[in-house]
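Data from run-v7.txt: compact mmCIF, C-alpha atoms
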```
# COMPACT_ATOMS: atom_id res chain seq x y z
CA MET Z 198 37.76 -223.89 15.68
CA ASP Z 199 41.24 -224.18 17.20
CA SER Z 200 42.96 -224.77 13.89
CA CYS Z 201 41.19 -221.80 12.35
CA PHE Z 202 42.09 -219.66 15.37
CA GLY Z 203 45.72 -220.65 15.14
CA PHE Z 204 45.89 -220.18 11.41
CA HIS Z 205 44.57 -216.61 11.42
CA CYS Z 206 46.56 -215.40 14.42
CA GLY Z 207 49.79 -217.18 13.69
CA ILE Z 208 50.01 -218.80 17.15
CA ASP Z 209 50.12 -222.29 18.57
CA PHE Z 210 46.45 -223.34 18.55
CA ASN Z 211 47.26 -226.06 21.08
CA VAL Z 212 47.42 -223.42 23.83
CA LYS Z 213 44.72 -224.56 26.25
CA ASN Z 214 44.05 -221.33 28.12
CA HIS Z 215 41.34 -219.52 26.16
CA SER Z 216 42.05 -216.17 27.83
CA LEU Z 217 45.74 -216.46 26.97
CA ARG Z 218 44.93 -217.39 23.38
CA SER Z 219 42.69 -214.33 23.08
CA LYS Z 220 45.38 -212.01 24.41
CA ILE Z 221 48.01 -213.47 22.09
CA CYS Z 222 45.66 -213.13 19.13
CA LEU Z 223 44.87 -209.50 20.00
CA ILE Z 224 48.56 -208.62 20.27
CA THR Z 225 49.25 -210.38 16.97
CA MET Z 226 46.42 -208.56 15.22
CA GLU Z 227 47.59 -205.18 16.58
CA SER Z 228 51.12 -205.90 15.37
CA HIS Z 229 49.76 -206.79 11.95
CA GLU Z 230 47.73 -203.57 11.79
CA GLU Z 231 50.77 -201.54 12.84
CA ARG Z 232 52.88 -203.17 10.14
CA SER Z 233 50.17 -202.47 7.56
CA HIS Z 234 50.00 -198.84 8.64
CA ASN Z 235 53.75 -198.41 8.42
CA HIS Z 236 53.78 -200.09 5.02
CA ARG Z 237 51.19 -197.63 3.71
CA ARG Z 238 52.99 -194.68 5.25
CA PHE Z 239 56.40 -195.47 3.76
CA ARG Z 240 55.37 -196.96 0.45
CA LYS Z 241 56.14 -195.10 -2.76
CA ARG Z 242 53.50 -192.49 -3.52
CA LEU Z 243 51.39 -193.08 -6.61
CA ASN Z 244 50.58 -190.42 -9.18
CA TYR Z 245 47.11 -191.78 -9.79
CA THR Z 246 45.44 -188.42 -10.49
CA ASP Z 247 47.98 -187.60 -13.19
CA GLN Z 248 46.15 -190.05 -15.44
CA PHE Z 249 43.15 -187.73 -15.68
CA GLU Z 250 42.53 -184.24 -17.00
CA ILE Z 251 41.03 -181.60 -14.74
CA PRO Z 252 37.36 -181.30 -15.79
CA THR Z 253 36.20 -177.87 -16.92
CA SER Z 254 32.52 -178.72 -16.65
CA ILE Z 255 30.45 -181.36 -14.89
CA GLN Z 256 26.92 -182.71 -15.14
CA LEU Z 257 24.80 -183.40 -12.07
CA SER Z 258 21.50 -185.22 -11.64
CA VAL Z 259 18.62 -183.85 -9.62
CA ILE Z 260 17.62 -186.33 -6.89
CA GLY Z 261 14.55 -184.44 -5.67
CA HIS Z 262 13.02 -181.06 -5.02
CA VAL Z 263 11.99 -178.83 -2.13
CA CYS Z 264 8.33 -178.56 -1.14
CA SER Z 265 8.35 -175.21 0.67
CA PRO Z 266 5.79 -172.56 1.69
CA TYR Z 267 8.06 -169.93 0.14
CA ARG Z 268 7.03 -169.20 -3.43
CA GLU Z 269 8.73 -165.84 -3.89
CA ARG Z 270 12.11 -164.51 -2.87
CA PHE Z 271 10.72 -161.64 -0.81
CA GLY Z 272 10.17 -162.89 2.73
CA THR Z 273 12.32 -166.01 2.34
CA PRO Z 274 14.96 -166.41 5.09
CA ARG Z 275 18.50 -165.56 4.06
CA GLN Z 276 19.72 -168.34 6.38
CA ALA Z 277 17.86 -171.27 7.91
CA VAL Z 278 18.34 -169.90 11.46
CA ILE Z 279 16.91 -166.44 10.69
CA SER Z 280 13.14 -165.87 10.61
CA LYS Z 281 12.64 -162.18 11.39
CA GLN Z 282 10.61 -160.34 8.74
CA THR Z 283 9.92 -163.57 6.88
CA LEU Z 284 6.70 -165.48 6.20
CA ASN Z 285 4.72 -165.52 9.49
CA ALA Z 286 7.93 -164.31 11.21
CA ALA Z 287 8.72 -167.88 12.24
CA PRO Z 288 10.64 -170.90 10.93
CA GLN Z 289 8.58 -172.98 8.52
CA ASN Z 290 8.08 -176.69 7.93
CA ALA Z 291 8.86 -178.19 4.56
CA TYR Z 292 9.96 -181.48 3.02
CA ILE Z 293 12.29 -182.81 0.39
CA GLN Z 294 10.60 -185.04 -2.15
CA LEU Z 295 12.95 -187.51 -3.79
CA VAL Z 296 12.39 -188.55 -7.39
CA ASP Z 297 10.62 -191.87 -7.80
CA ASN Z 298 13.61 -194.16 -7.50
CA GLU Z 299 13.92 -197.22 -5.24
CA LYS Z 300 17.67 -196.79 -4.78
CA LEU Z 301 17.19 -193.23 -3.53
CA ARG Z 302 14.51 -194.36 -1.09
CA MET Z 303 16.85 -197.07 0.20
CA ALA Z 304 19.54 -194.42 0.66
CA LEU Z 305 17.38 -192.81 3.37
CA ARG Z 306 18.08 -195.66 5.78
CA GLY Z 307 19.54 -194.35 9.04
CA LEU Z 308 18.96 -190.66 8.29
CA ASP Z 309 16.10 -190.47 10.81
CA LYS Z 310 18.61 -191.11 13.61
CA PHE Z 311 20.24 -187.72 12.95
CA GLU Z 312 18.85 -184.46 14.28
CA ARG Z 313 19.90 -182.35 11.32
CA CYS Z 314 20.95 -182.74 7.71
CA TRP Z 315 22.66 -180.77 4.99
CA ILE Z 316 20.64 -180.11 1.87
CA ILE Z 317 22.74 -179.30 -1.19
CA SER Z 318 20.51 -177.67 -3.78
CA TYR Z 319 20.63 -175.65 -6.97
CA MET Z 320 19.19 -172.11 -6.98
CA HIS Z 321 17.75 -172.44 -10.45
CA LEU Z 322 16.10 -169.00 -10.60
CA ASN Z 323 19.32 -167.02 -10.09
CA GLN Z 324 21.10 -165.56 -13.09
CA GLY Z 325 24.48 -163.87 -13.29
CA TRP Z 326 26.93 -162.91 -10.55
CA ASN Z 327 29.36 -160.15 -9.56
CA PRO Z 328 32.83 -160.60 -8.03
CA LEU Z 329 32.19 -157.82 -5.47
CA VAL Z 330 28.92 -157.46 -3.56
CA LYS Z 331 27.58 -155.22 -0.80
CA PRO Z 332 26.14 -157.38 2.01
CA PRO Z 333 22.92 -156.23 3.72
CA ARG Z 334 24.67 -156.15 7.11
CA GLY Z 335 27.72 -154.35 8.40
CA PRO Z 336 29.58 -151.39 6.83
CA LYS Z 337 28.42 -150.26 3.42
CA ALA Z 338 31.50 -151.68 1.80
CA LYS Z 339 31.77 -154.25 -0.94
CA GLN Z 340 33.17 -157.66 -0.12
CA GLY Z 341 34.49 -160.40 -2.35
CA LEU Z 342 31.69 -162.74 -3.34
CA PHE Z 343 33.42 -165.75 -1.81
CA SER Z 344 33.48 -164.05 1.60
CA THR Z 345 29.68 -163.65 1.56
CA ARG Z 346 26.57 -165.79 1.35
CA ALA Z 347 25.18 -163.87 -1.62
CA PRO Z 348 22.90 -166.20 -3.62
CA HIS Z 349 24.14 -165.17 -7.08
CA ARG Z 350 27.32 -167.18 -7.62
CA PRO Z 351 29.36 -168.72 -10.48
CA ASN Z 352 27.55 -171.97 -9.70
CA SER Z 353 24.25 -171.45 -7.94
CA ILE Z 354 24.81 -174.05 -5.22
CA ALA Z 355 22.99 -173.65 -1.90
CA LEU Z 356 23.89 -175.33 1.38
CA SER Z 357 21.21 -175.54 4.10
CA ALA Z 358 21.49 -177.10 7.57
CA LEU Z 359 17.94 -178.17 8.47
CA LYS Z 360 16.33 -179.90 11.42
CA ILE Z 361 14.88 -183.30 10.54
CA THR Z 362 11.35 -183.89 11.85
CA LYS Z 363 10.47 -187.06 9.96
CA VAL Z 364 11.79 -189.40 7.29
CA ASP Z 365 9.20 -191.24 5.20
CA HIS Z 366 10.96 -194.17 3.53
CA THR Z 367 7.86 -195.25 1.63
CA LEU Z 368 7.15 -191.90 -0.01
CA GLY Z 369 10.80 -190.87 -0.25
CA GLN Z 370 10.41 -187.71 1.83
CA ILE Z 371 12.58 -185.90 4.37
CA HIS Z 372 10.47 -183.55 6.49
CA VAL Z 373 12.47 -180.60 7.83
CA PHE Z 374 12.02 -177.48 9.96
CA GLY Z 375 13.55 -174.06 9.29
CA ILE Z 376 13.59 -174.18 5.50
CA ASP Z 377 15.34 -171.32 3.68
CA LEU Z 378 14.71 -172.45 0.11
CA LEU Z 379 12.04 -171.64 -2.45
CA ASP Z 380 9.42 -174.16 -3.45
CA GLN Z 381 10.51 -176.50 -6.28
CA THR Z 382 14.23 -175.83 -5.71
CA PRO Z 383 16.13 -178.81 -7.20
CA VAL Z 384 18.04 -180.93 -4.68
CA LEU Z 385 21.44 -182.38 -5.61
CA ASP Z 386 22.46 -184.25 -2.45
CA ILE Z 387 21.62 -184.88 1.21
CA LYS Z 388 24.19 -185.45 3.96
CA PRO Z 389 23.83 -185.91 7.72
CA TYR Z 390 24.92 -183.05 9.97
CA VAL Z 391 27.72 -184.36 12.18
CA PRO Z 392 28.55 -181.95 15.04
CA TYR Z 393 32.15 -183.06 15.64
CA ALA Z 394 33.05 -182.45 12.01
CA ASP Z 395 30.64 -179.69 10.99
CA ALA Z 396 30.54 -177.30 13.96
CA PHE Z 397 33.33 -174.80 14.68
CA PRO Z 398 31.57 -172.16 16.82
CA ASN Z 399 34.77 -170.33 17.78
CA SER Z 400 36.00 -169.86 14.22
CA ALA Z 401 36.81 -166.37 12.95
CA ALA Z 402 34.04 -164.95 10.74
CA GLY Z 403 35.93 -162.22 8.88
CA TRP Z 404 34.01 -158.98 8.39
CA LEU Z 405 31.03 -160.42 10.31
CA ASP Z 406 32.97 -160.49 13.57
CA GLY Z 407 31.97 -157.67 15.87
CA LEU Z 408 28.70 -156.84 14.12
CA ASP Z 409 25.52 -156.25 16.10
CA MET Z 410 23.75 -159.36 14.84
CA HIS Z 411 20.44 -158.36 16.37
CA GLU Z 412 20.46 -155.11 14.43
CA ALA Z 413 21.60 -156.91 11.31
CA ASP Z 414 18.76 -159.41 11.53
CA ARG Z 415 16.23 -156.59 11.41
CA LYS Z 416 17.28 -155.97 7.86
CA LEU Z 417 15.76 -158.07 5.11
CA PHE Z 418 18.12 -160.08 2.97
CA TYR Z 419 15.67 -159.96 0.10
CA HIS Z 420 14.85 -156.30 0.60
CA SER Z 421 15.29 -154.52 -2.69
CA ILE Z 422 13.48 -154.44 -5.99
CA SER Z 423 16.84 -154.91 -7.70
CA TYR Z 424 17.10 -158.39 -6.17
CA CYS Z 425 13.70 -159.32 -7.53
CA LEU Z 426 14.93 -158.22 -10.95
CA ASN Z 427 17.89 -160.59 -10.73
CA SER Z 428 20.44 -157.85 -10.07
CA PHE Z 429 21.12 -158.55 -6.42
CA TYR Z 430 23.35 -156.04 -4.62
```

Take the structure from the file and write it as structure tokens.
Amino acid sequence: MDSCFGFHCGIDFNVKNHSLRSKICLITMESHEERSHNHRRFRKRLNYTDQFEIPTSIQLSVIGHVCSPYRERFGTPRQAVISKQTLNAAPQNAYIQLVDNEKLRMALRGLDKFERCWIISYMHLNQGWNPLVKPPRGPKAKQGLFSTRAPHRPNSIALSALKITKVDHTLGQIHVFGIDLLDQTPVLDIKPYVPYADAFPNSAAGWLDGLDMHEADRKLFYHSISYCLNSFY
């Protein structure tokens, strides 16, 4: 024990005082970590990424799908936190069903300790997109697509922050509350919602700042026939 202690910390393992040995070891370890940090900070930078070409297309695998009460776009919430003029005018329960894969079921471990999760999904029913769109709230002026949450995008990726109500490791299911996705929507990934990294409540919100959100929420996101015909906005 002593010889191992002395070997790893680089100190005289014949020191009898255990408390003193511990302090010396802690100081030695901190010095080693500091040296390692400085070494990484001042070392020559590598051009690792230069060895690869920038991909122009990628292929993703579906890890599951949404089981939702929403089976048509009309009446589906435009955001998970908005429920006015939607099905039953209230947030709905749903669940994510993973594909039958033991590794994916194992990957659920620990998720039930989080209150919320991010669901990254693919809006497979959307077709086409426009660079400028007219949002359903605020001034009747077109905005750049990337400054809106319009569902028709170059890549139809959806990001939903949902409340976790239950995780079933046996069946490979994540039960959630406040779903804003259609039934059978393919799921690409699941991540825990981490408040310190994911929440910035005082951030500027561009053209949304200053809007009467209560008035805006009385307007349906999926309100026009043109949307149902895949020509949203």

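As for atom CA of Z:Ile376 and atom CA of Z:Cys264, they are spaced 9.5 Å apart.
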
Quiz prompt | All residues 10 Å or closer to Z:Val391, only C-alpha atoms, same chain fewer than 5 positions away omitted, as number ranges by chain | solution = Z: 311-315, 396

Quiz item: When you draw a straight line from atom CA of Z:Leu305 to atom CA of Z:Gly261, how long is it in Å?
Solution: 12.6 Å

Quiz item: Which value, in Å to one decimal, gives the distance between atom CA of Z:Arg302 and atom CA of Z:Ile317?
Solution: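 Atom CA of Z:Ile317 lies 17.2 Å from atom CA of Z:Arg302.
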
Report, as lines of an AutoDock Vina configuration file, the axis-aligned box around all atoms of stretch 356-363 of chain Z present in the file, extended by 4 Å on each side; give centre and edge lengths in Å to one decimal place.
```
center_x = 17.2
center_y = -181.2
center_z = 6.6
size_x = 21.4
size_y = 19.7
size_z = 18.5
```

Exercise. Identify which of the residues Z:Asn298, Z:Asn323, Z:Thr362, Z:Ser357 lies closest to Z:Val263, counting all atoms listed in the file when measuring atom-to-atom distances.
Key: Z:Ser357

Quiz item: Which residues, written as a ChimeraX atom specification, have at least one atom at most 12 Å from Z:Ser258, with all atoms listed in the file counted and residues fewer than 2 positions away on the same chain left out?
Solution: /Z:255-256,260-262,295-296,318-319,383-386
